[in-house]
Amino acid sequence: MTDLQGTPAGTGVRGELRQDTTVGGKDLTRWDSRTGRSLVGVVHRISQVLGPHGALLLTLLVGALISAALTAAFSEVYESVVAADGVAGLDHPVLAASKDLRTPTLDVVVTAFTDVGGTIGMPVLAMIIMVVLALRRRSWTPVILIATAGAGSLLMTIAGKRLVGRARPDLSDAVPPYEHSPSFPSGHSLNAVVIAGIVAYLIILRLHSKRARILTAAAAALFAVAIGLSRVFLGHHWLTDVLAAWALGAAWLAIVITAHRLYLTVRKHHEPRDVKHTPAGNT
């Protein structure tokens with residue numbers, strides 16, 4: 001199916017405005033709060049100078065700075081919690097329980113799975129999905145969102161490790177291959193939340209079945225949780241490193257999605273009036 005200009009339906013900017021602006025009847029371009037409407041006005045003025053995608057990139061950059069500040073603040077709180085042995089009191093019991101569950105076969109399986117969320121596995125997986133979505137939708141938006149989300153989570157991981165410098169569990173308590181970088185936050189866990197989350201979000205935008213949307217979100221959440229728990233099971237991170245990474249990842253993911261909503265809002269209200277909305281279809 002094609003539109004009047006010969007472009008396949010559901011692709012390009014017109015496809016975004018037809019299918020990406022609503023999810024389950026909720027209009028993503030509607031902002032009920034005064035703050036939201038103010039943000040829309042700011043992004044609109046930026047888009048008049050830089051264009052919609054330029055405004056999206058700048059919004060994400062500002063969001064990354066906010067996330068960096070959040071990481072710094074979170075690091076201070078985290079250090080206080082560890083020093084007070086609050087939530088961190090769970091770290092040693094959970095590690096001990098994980099060691100009791102280990103078997104040679106299970107260690108190999110979990111190690112193979114956790115590598116999917118590693119410095120090689122996750123970028124490769126994200127790149128493949130990013131290219132597929134970009135080509136199918138004939139849009140740079142998936143590239144911008146996935147690449148920026150991944151870069152932001154990497155920077156947050158690096159910043160957190162340098163700010164806190166917490167030691168990992170002893171090598172005697174870990175399953176090889178060993179890792180030697182600081183323990184906070186768990187980069188695997190943070191990246192899994194962000195990448196799985198943004199991919200699920202982009203897919204959900206094109207799904208019209210509530211069941212399909214729920215299953216997609218659940219699969220992404222299950223993947224992120226499993227990656228995080230695998231880090232604790234293998235003795236590569238403390239439980240609190242993983243919990244903190246999940247929180248930071250969720251915050252950054254929320255910022256990325258908000259930036260995309262702002263982009264869609266500006267696009268929707270300043271595109272030609274012949275762009276009509278149709279029910280969402282396939283990815």
# chains A, B, ... in the order shown; residues from 1 in each chain; ligands from 1
>>> closest_atom_pairs(of="segment 151-238 of chain A", to="segment 124-145 of chain A", cutoff="12 Å", atoms="only C-alpha atoms", output="Markdown table")
| residue | atom | partner | partner_atom | distance |
| --- | --- | --- | --- | --- |
| A:Ala151 | CA | A:Leu145 | CA | 9.9 |
| A:Gly152 | CA | A:Leu145 | CA | 10.4 |
| A:Asn191 | CA | A:Ala126 | CA | 10.3 |
| A:Ala192 | CA | A:Ala126 | CA | 10.2 |
| A:Val194 | CA | A:Ala126 | CA | 10.5 |
| A:Ile195 | CA | A:Ala126 | CA | 6.9 |
| A:Ala196 | CA | A:Ala126 | CA | 8.6 |
| A:Gly197 | CA | A:Leu145 | CA | 11.1 |
| A:Ile198 | CA | A:Leu145 | CA | 7.5 |
| A:Val199 | CA | A:Ile129 | CA | 7.7 |
| A:Ala200 | CA | A:Ile129 | CA | 10.7 |
| A:Tyr201 | CA | A:Pro142 | CA | 10.4 |
| A:Leu202 | CA | A:Pro142 | CA | 7.4 |
| A:Ile203 | CA | A:Leu133 | CA | 8.8 |
| A:Leu205 | CA | A:Pro142 | CA | 11.7 |
| A:Arg206 | CA | A:Arg137 | CA | 10.4 |
>>> closest_atom_pairs(of="segment 209-248 of chain A", to="segment 71-78 of chain A", cutoff="12 Å", atoms="only C-alpha atoms", output="JSON lines")
{"residue": "A:Thr240", "atom": "CA", "partner": "A:Tyr78", "partner_atom": "CA", "distance": 8.6}
{"residue": "A:Asp241", "atom": "CA", "partner": "A:Tyr78", "partner_atom": "CA", "distance": 9.1}
{"residue": "A:Val242", "atom": "CA", "partner": "A:Tyr78", "partner_atom": "CA", "distance": 11.8}
{"residue": "A:Leu243", "atom": "CA", "partner": "A:Tyr78", "partner_atom": "CA", "distance": 10.5}
{"residue": "A:Ala244", "atom": "CA", "partner": "A:Tyr78", "partner_atom": "CA", "distance": 7.9}
{"residue": "A:Ala245", "atom": "CA", "partner": "A:Thr71", "partner_atom": "CA", "distance": 9.8}
{"residue": "A:Ala247", "atom": "CA", "partner": "A:Phe74", "partner_atom": "CA", "distance": 9.5}
{"residue": "A:Leu248", "atom": "CA", "partner": "A:Thr71", "partner_atom": "CA", "distance": 7.1}
>>> select_by_dssp(residues="segment 16-262 of chain A", states="strand (DSSP E or B)", output="ChimeraX atom specification")
/A:22-23,26-27
>>> atom_distance(atom1="atom CA of Thr114 of chain A", atom2="atom CA of His237 of chain A")
12.1 Å
>>> closest_atom_pairs(of="segment 30-135 of chain A", to="segment 264-269 of chain A", cutoff="9 Å", atoms="only C-alpha atoms", output="JSON lines")
{"residue": "A:Arg30", "atom": "CA", "partner": "A:Thr265", "partner_atom": "CA", "distance": 7.6}
{"residue": "A:Val40", "atom": "CA", "partner": "A:Val266", "partner_atom": "CA", "distance": 7.0}
{"residue": "A:Gly41", "atom": "CA", "partner": "A:Val266", "partner_atom": "CA", "distance": 8.6}
{"residue": "A:Val43", "atom": "CA", "partner": "A:Val266", "partner_atom": "CA", "distance": 7.3}
{"residue": "A:His44", "atom": "CA", "partner": "A:Val266", "partner_atom": "CA", "distance": 5.7}
{"residue": "A:Ser47", "atom": "CA", "partner": "A:Val266", "partner_atom": "CA", "distance": 7.8}
{"residue": "A:Pro52", "atom": "CA", "partner": "A:Arg267", "partner_atom": "CA", "distance": 6.8}
>>> residues_around(residues="segment 87-102 of chain A", least_positions_apart="2", cutoff="10 Å", atoms="only C-alpha atoms", output="PyMOL selection string")
chain A and resi 78-79+81-85+104-108+110+169+173-175+229-230+232-241+243
>>> closest_residue(among="A:His53, A:His180, A:Arg166, A:Arg45", to="His260 of chain A", atoms="only C-alpha atoms")
A:His53
>>> select_by_dssp(residues="segment 6-112 of chain A", states="helix (DSSP H, G or I)", output="PyMOL selection string")
chain A and resi 12-19+34-50+52-84+87-101+104-112
>>> atom_distance(atom1="atom CA of His188 of chain A", atom2="atom CA of Thr258 of chain A")
23.4 Å
>>> closest_residue(among="A:Leu222, A:Val164, A:Pro123, A:Gly118", to="Gly187 of chain A", atoms="only C-alpha atoms")
A:Gly118
>>> residues_around(residues="Leu215 of chain A", least_positions_apart="5", cutoff="10 Å", atoms="only C-alpha atoms", output="NGL selection string")
:A and (200 or 204 or 209-210 or 220-221)
>>> write_last_selection(atoms="N, CA and C atoms", output="PDB file, in the first residue's frame")
ATOM      1  N   ALA A 200      11.626  -1.996  22.540  1.00  0.00           N
ATOM      2  CA  ALA A 200      10.233  -2.369  22.818  1.00  0.00           C
ATOM      3  C   ALA A 200       9.301  -1.195  22.547  1.00  0.00           C
ATOM      4  N   ILE A 204       6.255  -1.247  19.992  1.00  0.00           N
ATOM      5  CA  ILE A 204       4.900  -1.048  20.522  1.00  0.00           C
ATOM      6  C   ILE A 204       4.163   0.056  19.780  1.00  0.00           C
ATOM      7  N   SER A 209      -2.613  -4.338  18.760  1.00  0.00           N
ATOM      8  CA  SER A 209      -3.184  -5.295  19.707  1.00  0.00           C
ATOM      9  C   SER A 209      -2.660  -5.019  21.113  1.00  0.00           C
ATOM     10  N   LYS A 210      -3.571  -4.889  22.060  1.00  0.00           N
ATOM     11  CA  LYS A 210      -3.166  -4.670  23.446  1.00  0.00           C
ATOM     12  C   LYS A 210      -2.349  -5.837  23.963  1.00  0.00           C
ATOM     13  N   ALA A 220      10.686  -7.391  27.085  1.00  0.00           N
ATOM     14  CA  ALA A 220      11.794  -6.463  27.310  1.00  0.00           C
ATOM     15  C   ALA A 220      12.150  -6.400  28.790  1.00  0.00           C
ATOM     16  N   ALA A 221      11.132  -6.324  29.640  1.00  0.00           N
ATOM     17  CA  ALA A 221      11.369  -6.268  31.092  1.00  0.00           C
ATOM     18  C   ALA A 221      12.020  -7.553  31.594  1.00  0.00           C
TER      19      ALA A 221
END
>>> atom_distance(atom1="atom CA of Ala64 of chain A", atom2="atom CA of Ile146 of chain A")
13.5 Å
>>> decode(residues="segment 145-157 of chain A", atoms="N, CA, C and O atoms", output="mmCIF file, in the first residue's frame")
data_model
loop_
_atom_site.group_PDB
_atom_site.id
_atom_site.type_symbol
_atom_site.label_atom_id
_atom_site.label_comp_id
_atom_site.auth_asym_id
_atom_site.auth_seq_id
_atom_site.Cartn_x
_atom_site.Cartn_y
_atom_site.Cartn_z
ATOM 1 N N LEU A 145 17.282 7.408 18.019
ATOM 2 C CA LEU A 145 16.845 7.013 19.354
ATOM 3 C C LEU A 145 17.691 5.884 19.930
ATOM 4 O O LEU A 145 18.143 5.955 21.081
ATOM 5 N N ILE A 146 17.916 4.829 19.158
ATOM 6 C CA ILE A 146 18.666 3.682 19.679
ATOM 7 C C ILE A 146 20.128 4.034 19.901
ATOM 8 O O ILE A 146 20.719 3.689 20.933
ATOM 9 N N ALA A 147 20.730 4.752 18.935
ATOM 10 C CA ALA A 147 22.144 5.115 19.076
ATOM 11 C C ALA A 147 22.358 6.057 20.254
ATOM 12 O O ALA A 147 23.298 5.883 21.051
ATOM 13 N N THR A 148 21.490 7.042 20.391
ATOM 14 C CA THR A 148 21.634 7.996 21.495
ATOM 15 C C THR A 148 21.354 7.335 22.832
ATOM 16 O O THR A 148 22.052 7.589 23.825
ATOM 17 N N ALA A 149 20.336 6.483 22.877
ATOM 18 C CA ALA A 149 20.024 5.771 24.118
ATOM 19 C C ALA A 149 21.206 4.915 24.557
ATOM 20 O O ALA A 149 21.593 4.912 25.730
ATOM 21 N N GLY A 150 21.808 4.195 23.606
ATOM 22 C CA GLY A 150 22.953 3.357 23.925
ATOM 23 C C GLY A 150 24.159 4.160 24.366
ATOM 24 O O GLY A 150 24.844 3.805 25.336
ATOM 25 N N ALA A 151 24.430 5.259 23.660
ATOM 26 C CA ALA A 151 25.575 6.105 24.021
ATOM 27 C C ALA A 151 25.384 6.713 25.402
ATOM 28 O O ALA A 151 26.327 6.782 26.206
ATOM 29 N N GLY A 152 24.164 7.141 25.698
ATOM 30 C CA GLY A 152 23.889 7.731 27.012
ATOM 31 C C GLY A 152 24.073 6.738 28.137
ATOM 32 O O GLY A 152 24.647 7.060 29.186
ATOM 33 N N SER A 153 23.604 5.504 27.935
ATOM 34 C CA SER A 153 23.749 4.496 28.984
ATOM 35 C C SER A 153 25.219 4.141 29.198
ATOM 36 O O SER A 153 25.646 3.896 30.331
ATOM 37 N N LEU A 154 25.996 4.148 28.117
ATOM 38 C CA LEU A 154 27.431 3.867 28.243
ATOM 39 C C LEU A 154 28.133 4.960 29.044
ATOM 40 O O LEU A 154 28.943 4.676 29.943
ATOM 41 N N LEU A 155 27.798 6.211 28.740
ATOM 42 C CA LEU A 155 28.405 7.327 29.466
ATOM 43 C C LEU A 155 28.010 7.324 30.935
ATOM 44 O O LEU A 155 28.830 7.631 31.814
ATOM 45 N N MET A 156 26.765 6.979 31.228
ATOM 46 C CA MET A 156 26.320 6.894 32.613
ATOM 47 C C MET A 156 27.074 5.804 33.363
ATOM 48 O O MET A 156 27.443 5.962 34.535
ATOM 49 N N THR A 157 27.323 4.694 32.679
ATOM 50 C CA THR A 157 28.066 3.594 33.295
ATOM 51 C C THR A 157 29.492 4.022 33.622
ATOM 52 O O THR A 157 29.991 3.793 34.737
#
